[in-house]
$ cat my_file_20.pdb   # PDB, C-alpha atoms
ATOM      1  CA  MET C   1      77.154  62.199 -12.951
ATOM      2  CA  ALA C   2      74.815  64.855 -12.041
ATOM      3  CA  GLY C   3      75.042  66.390  -8.628
ATOM      4  CA  GLU C   4      78.509  65.059  -7.869
ATOM      5  CA  ALA C   5      81.290  67.556  -7.523
ATOM      6  CA  GLU C   6      84.295  66.814  -9.609
ATOM      7  CA  ASP C   7      87.538  66.362  -7.621
ATOM      8  CA  ASN C   8      90.237  68.236  -9.485
ATOM      9  CA  ARG C   9      92.897  67.600  -6.840
ATOM     10  CA  ARG C  10      95.866  65.655  -8.021
ATOM     11  CA  PRO C  11      97.786  63.363  -5.716
ATOM     12  CA  SER C  12     100.860  65.033  -4.374
ATOM     13  CA  PRO C  13     104.013  63.684  -5.967
ATOM     14  CA  ALA C  14     105.720  64.006  -2.543
ATOM     15  CA  ILE C  15     103.526  61.368  -0.929
ATOM     16  CA  PRO C  16     104.628  58.482  -3.134
ATOM     17  CA  ALA C  17     108.240  59.642  -2.873
ATOM     18  CA  ARG C  18     108.060  59.697   0.916
ATOM     19  CA  THR C  19     106.428  56.308   0.958
ATOM     20  CA  MET C  20     109.166  54.976  -1.278
ATOM     21  CA  ILE C  21     111.828  56.310   1.070
ATOM     22  CA  PHE C  22     110.386  54.759   4.229
ATOM     23  CA  LYS C  23     109.108  51.481   2.797
ATOM     24  CA  PRO C  24     112.559  49.928   2.242
ATOM     25  CA  LEU C  25     113.658  51.024   5.723
ATOM     26  CA  LEU C  26     110.758  49.335   7.506
ATOM     27  CA  PRO C  27     112.187  45.774   7.557
ATOM     28  CA  GLY C  28     115.485  47.106   8.923
ATOM     29  CA  VAL C  29     113.755  49.081  11.649
ATOM     30  CA  ILE C  30     111.683  46.055  12.637
ATOM     31  CA  ALA C  31     114.760  43.803  12.689
ATOM     32  CA  LEU C  32     116.683  46.322  14.787
ATOM     33  CA  ALA C  33     113.802  46.571  17.248
ATOM     34  CA  LEU C  34     113.646  42.789  17.596
ATOM     35  CA  VAL C  35     117.391  42.506  18.160
ATOM     36  CA  ALA C  36     117.394  45.369  20.647
ATOM     37  CA  CYS C  37     114.580  43.812  22.649
ATOM     38  CA  ASP C  38     116.492  40.546  23.011
ATOM     39  CA  GLY C  39     113.704  39.320  25.268
ATOM     40  CA  VAL C  40     115.661  40.028  28.477
ATOM     41  CA  ASP C  41     114.090  42.280  31.073
ATOM     42  CA  PRO C  42     116.729  44.956  31.779
ATOM     43  CA  ASP C  43     115.619  45.062  35.429
ATOM     44  CA  SER C  44     116.006  41.304  35.921
ATOM     45  CA  PRO C  45     119.186  39.919  37.487
ATOM     46  CA  LEU C  46     120.223  38.611  34.064
ATOM     47  CA  GLY C  47     119.562  41.955  32.385
ATOM     48  CA  ARG C  48     121.452  43.859  35.045
ATOM     49  CA  ARG C  49     124.547  41.698  34.943
ATOM     50  CA  GLN C  50     124.530  41.662  31.136
ATOM     51  CA  ALA C  51     124.511  45.466  31.177
ATOM     52  CA  ILE C  52     127.400  45.542  33.662
ATOM     53  CA  PHE C  53     129.410  42.977  31.693
ATOM     54  CA  LYS C  54     128.834  44.986  28.509
ATOM     55  CA  GLN C  55     130.176  48.129  30.215
ATOM     56  CA  MET C  56     133.145  46.150  31.503
ATOM     57  CA  LEU C  57     133.896  44.833  28.027
ATOM     58  CA  GLU C  58     133.696  48.279  26.433
ATOM     59  CA  THR C  59     135.929  49.785  29.117
ATOM     60  CA  SER C  60     138.458  46.949  28.919
ATOM     61  CA  GLU C  61     138.548  47.140  25.121
ATOM     62  CA  ASN C  62     139.286  50.861  25.308
ATOM     63  CA  LEU C  63     142.116  50.315  27.791
ATOM     64  CA  GLY C  64     143.581  47.519  25.702
ATOM     65  CA  GLY C  65     143.086  49.600  22.562
ATOM     66  CA  MET C  66     145.151  52.413  24.047
ATOM     67  CA  LEU C  67     147.959  50.012  24.907
ATOM     68  CA  ARG C  68     147.891  48.199  21.570
ATOM     69  CA  GLY C  69     147.776  51.339  19.434
ATOM     70  CA  ARG C  70     144.194  50.960  18.200
ATOM     71  CA  LEU C  71     143.328  54.133  20.142
ATOM     72  CA  GLY C  72     145.577  57.027  21.017
ATOM     73  CA  PHE C  73     147.011  56.751  24.516
ATOM     74  CA  ASP C  74     145.423  59.366  26.751
ATOM     75  CA  GLU C  75     146.758  59.216  30.297
ATOM     76  CA  GLN C  76     143.689  60.685  32.000
ATOM     77  CA  ARG C  77     141.267  58.552  29.975
ATOM     78  CA  PHE C  78     143.304  55.501  30.916
ATOM     79  CA  VAL C  79     143.247  56.378  34.633
ATOM     80  CA  ASP C  80     139.502  57.046  34.497
ATOM     81  CA  GLY C  81     138.909  53.814  32.564
ATOM     82  CA  ALA C  82     140.922  51.764  35.038
ATOM     83  CA  ALA C  83     138.925  53.222  37.949
ATOM     84  CA  ARG C  84     135.651  52.583  36.104
ATOM     85  CA  LEU C  85     136.640  49.004  35.342
ATOM     86  CA  ASP C  86     137.594  48.438  38.977
ATOM     87  CA  ALA C  87     134.223  49.743  40.177
ATOM     88  CA  LEU C  88     132.337  47.690  37.587
ATOM     89  CA  SER C  89     134.273  44.515  38.442
ATOM     90  CA  ARG C  90     132.669  44.482  41.891
ATOM     91  CA  GLN C  91     129.067  44.798  40.683
ATOM     92  CA  PRO C  92     127.848  41.845  38.601
ATOM     93  CA  TRP C  93     128.191  39.138  41.245
ATOM     94  CA  GLN C  94     125.249  40.392  43.295
ATOM     95  CA  HIS C  95     123.018  39.783  40.259
ATOM     96  CA  PHE C  96     123.657  36.034  40.089
ATOM     97  CA  PRO C  97     120.644  34.447  41.794
ATOM     98  CA  PRO C  98     121.007  31.233  43.822
ATOM     99  CA  VAL C  99     119.454  29.193  40.985
ATOM    100  CA  ARG C 100     120.052  29.334  37.247
ATOM    101  CA  GLU C 101     117.678  31.376  35.076
ATOM    102  CA  ALA C 102     116.380  29.835  31.883
ATOM    103  CA  ASP C 103     117.867  32.547  29.635
ATOM    104  CA  SER C 104     121.334  32.585  31.165
ATOM    105  CA  SER C 105     124.341  31.897  28.969
ATOM    106  CA  ALA C 106     126.194  30.543  31.990
ATOM    107  CA  ARG C 107     126.758  26.844  32.400
ATOM    108  CA  ASP C 108     125.050  24.922  35.179
ATOM    109  CA  GLU C 109     128.481  24.487  36.794
ATOM    110  CA  LEU C 110     128.407  28.135  37.845
ATOM    111  CA  TRP C 111     125.630  27.370  40.316
ATOM    112  CA  GLN C 112     127.095  23.993  41.252
ATOM    113  CA  ARG C 113     130.615  25.345  41.926
ATOM    114  CA  GLN C 114     129.928  28.632  43.699
ATOM    115  CA  GLU C 115     133.192  28.611  45.632
ATOM    116  CA  ARG C 116     135.242  28.410  42.418
ATOM    117  CA  PHE C 117     133.076  31.085  40.820
ATOM    118  CA  ARG C 118     133.672  33.417  43.788
ATOM    119  CA  GLN C 119     137.418  32.692  43.564
ATOM    120  CA  LEU C 120     137.508  33.702  39.895
ATOM    121  CA  ALA C 121     135.425  36.819  40.620
ATOM    122  CA  GLY C 122     137.937  37.708  43.331
ATOM    123  CA  ASP C 123     140.808  37.218  40.859
ATOM    124  CA  LEU C 124     139.179  39.768  38.560
ATOM    125  CA  GLU C 125     138.619  42.230  41.397
ATOM    126  CA  ARG C 126     142.246  41.897  42.535
ATOM    127  CA  GLY C 127     143.402  42.366  38.947
ATOM    128  CA  THR C 128     141.426  45.571  38.464
ATOM    129  CA  ALA C 129     142.617  46.888  41.838
ATOM    130  CA  ALA C 130     146.235  46.234  40.786
ATOM    131  CA  LEU C 131     145.571  48.047  37.517
ATOM    132  CA  VAL C 132     144.265  51.087  39.407
ATOM    133  CA  ALA C 133     147.315  50.986  41.699
ATOM    134  CA  ALA C 134     149.562  50.937  38.636
ATOM    135  CA  THR C 135     148.013  54.193  37.418
ATOM    136  CA  VAL C 136     149.279  56.135  40.446
ATOM    137  CA  ALA C 137     152.878  56.417  39.234
ATOM    138  CA  ARG C 138     153.078  59.256  36.716
ATOM    139  CA  PRO C 139     153.810  59.636  33.919
ATOM    140  CA  LEU C 140     152.065  56.452  32.847
ATOM    141  CA  GLU C 141     154.094  54.103  30.721
ATOM    142  CA  PRO C 142     152.007  51.842  28.488
ATOM    143  CA  ALA C 143     154.618  49.076  28.697
ATOM    144  CA  ALA C 144     154.317  49.066  32.503
ATOM    145  CA  LEU C 145     150.509  48.974  32.341
ATOM    146  CA  ALA C 146     150.257  46.169  29.780
ATOM    147  CA  PRO C 147     150.822  43.282  32.242
ATOM    148  CA  HIS C 148     148.069  44.634  34.498
ATOM    149  CA  VAL C 149     145.579  44.882  31.640
ATOM    150  CA  GLN C 150     146.601  41.384  30.547
ATOM    151  CA  ARG C 151     145.955  40.091  34.067
ATOM    152  CA  VAL C 152     142.422  41.525  33.946
ATOM    153  CA  GLU C 153     141.799  40.048  30.497
ATOM    154  CA  ASP C 154     143.127  36.667  31.663
ATOM    155  CA  ALA C 155     140.807  36.732  34.680
ATOM    156  CA  CYS C 156     137.802  37.355  32.417
ATOM    157  CA  GLU C 157     138.862  34.598  30.055
ATOM    158  CA  ALA C 158     139.437  32.076  32.865
ATOM    159  CA  CYS C 159     135.929  32.577  34.219
ATOM    160  CA  HIS C 160     134.377  32.417  30.754
ATOM    161  CA  ARG C 161     136.250  29.194  29.932
ATOM    162  CA  GLU C 162     134.884  27.510  33.036
ATOM    163  CA  PHE C 163     131.401  28.940  33.326
ATOM    164  CA  ARG C 164     130.132  30.567  30.124
ATOM    165  CA  ALA C 165     128.218  28.550  27.542
ATOM    166  CA  TYR C 166     129.011  30.000  24.115
TER     167      TYR C 166
END

$ encode --input "my_file_20.pdb" --output "structure tokens"
Amino acid sequence: MAGEAEDNRRPSPAIPARTMIFKPLLPGVIALALVACDGVDPDSPLGRRQAIFKQMLETSENLGGMLRGRLGFDEQRFVDGAARLDALSRQPWQHFPPVREADSSARDELWQRQERFRQLAGDLERGTAALVAATVARPLEPAALAPHVQRVEDACEACHREFRAY
């Protein structure tokens, strides 16, 4: 082949190795991205209350974990968690619109029985306020705090039993 320059470059052995490293990860990355997207606009009422409920769940699980021995009991972390849970417990209700959204995991009864829904929300708020009040007496005794955490957990469960579609 006259006139053509011969290409003496060899393919880099690092390129195939890199490709081999990333290729198997690609399906996992795509799946993670699809799960993370979840199709819910984080700025929508549904997205906002889901974010608040997730924070409430994480905070409640940490408090319960400290009382049940899953996590080490840290008095200040417990006090801070109780205050955080109390503040969060007052936030999600404003993000329930007057009519049901298509993507909501709440039952239709939530919008049909607003008075009962508000009553259960109030039970949760009173429970978290009582938990915060119980953290004033120092030193904190996990056995004395347990009924207050249980009251909060029971309030969540009562509302979910009546209004959440699993």

$ residues_around --input "my_file_20.pdb" --residues "Ala134 (chain C)" --least-positions-apart "4" --cutoff "10 Å" --atoms "all atoms listed in the file" --output "PyMOL selection string"
chain C and resi 79+82+128-130+138+140-141+144-145+148

$ write_last_selection --input "my_file_20.pdb" --atoms "C-alpha atoms" --output "PDB file, in the frame of the given file"
ATOM      1  CA  VAL C  79     143.247  56.378  34.633  1.00  0.00           C
ATOM      2  CA  ALA C  82     140.922  51.764  35.038  1.00  0.00           C
ATOM      3  CA  THR C 128     141.426  45.571  38.464  1.00  0.00           C
ATOM      4  CA  ALA C 129     142.617  46.888  41.838  1.00  0.00           C
ATOM      5  CA  ALA C 130     146.235  46.234  40.786  1.00  0.00           C
ATOM      6  CA  ARG C 138     153.078  59.256  36.716  1.00  0.00           C
ATOM      7  CA  LEU C 140     152.065  56.452  32.847  1.00  0.00           C
ATOM      8  CA  GLU C 141     154.094  54.103  30.721  1.00  0.00           C
ATOM      9  CA  ALA C 144     154.317  49.066  32.503  1.00  0.00           C
ATOM     10  CA  LEU C 145     150.509  48.974  32.341  1.00  0.00           C
ATOM     11  CA  HIS C 148     148.069  44.634  34.498  1.00  0.00           C
TER      12      HIS C 148
END

$ residues_around --input "my_file_20.pdb" --residues "Ala158 (chain C)" --least-positions-apart "5" --cutoff "9 Å" --atoms "all atoms listed in the file" --output "number ranges by chain"
C: 120, 153, 163

$ atom_distance --input "my_file_20.pdb" --atom1 "CA of Arg49 (chain C)" --atom2 "CA of Pro92 (chain C)"
4.9 Å

$ resolve_selection --input "my_file_20.pdb" --expression "the PyMOL selection byres ((chain C and resi 155) around 9)" --output "count of residues only"
16

$ atom_distance --input "my_file_20.pdb" --atom1 "CA of Gln55 (chain C)" --atom2 "CA of Ser104 (chain C)"
17.9 Å

$ atom_distance --input "my_file_20.pdb" --atom1 "CA of Phe78 (chain C)" --atom2 "CA of Glu61 (chain C)"
11.2 Å

$ closest_residue --input "my_file_20.pdb" --among "C:Ala143, C:Leu46, C:Val40, C:Ala87" --to "Ala106 (chain C)" --atoms "only C-alpha atoms"
C:Leu46

$ resolve_selection --input "my_file_20.pdb" --expression "the PyMOL selection byres ((chain C and resi 93) around 12)" --output "ChimeraX atom specification"
/C:45-46,48-50,52-53,88-92,94-98,110,114,117-122,124-125

$ closest_residue --input "my_file_20.pdb" --among "C:Pro142, C:Val132, C:Ala102, C:Trp111" --to "Asp80 (chain C)" --atoms "only C-alpha atoms"
C:Val132

$ closest_residue --input "my_file_20.pdb" --among "C:Glu58, C:Glu101, C:Asp41, C:Glu75" --to "Val136 (chain C)" --atoms "all atoms listed in the file"
C:Glu75

$ closest_residue --input "my_file_20.pdb" --among "C:Leu131, C:Ala137, C:Val99, C:Leu85" --to "Asn62 (chain C)" --atoms "only C-alpha atoms"
C:Leu85

$ closest_residue --input "my_file_20.pdb" --among "C:Gly47, C:Gly69, C:Pro147, C:Pro42" --to "Ser105 (chain C)" --atoms "only C-alpha atoms"
C:Gly47

$ closest_residue --input "my_file_20.pdb" --among "C:Glu109, C:Ala51, C:Arg68, C:Val149" --to "Gly81 (chain C)" --atoms "all atoms listed in the file"
C:Val149
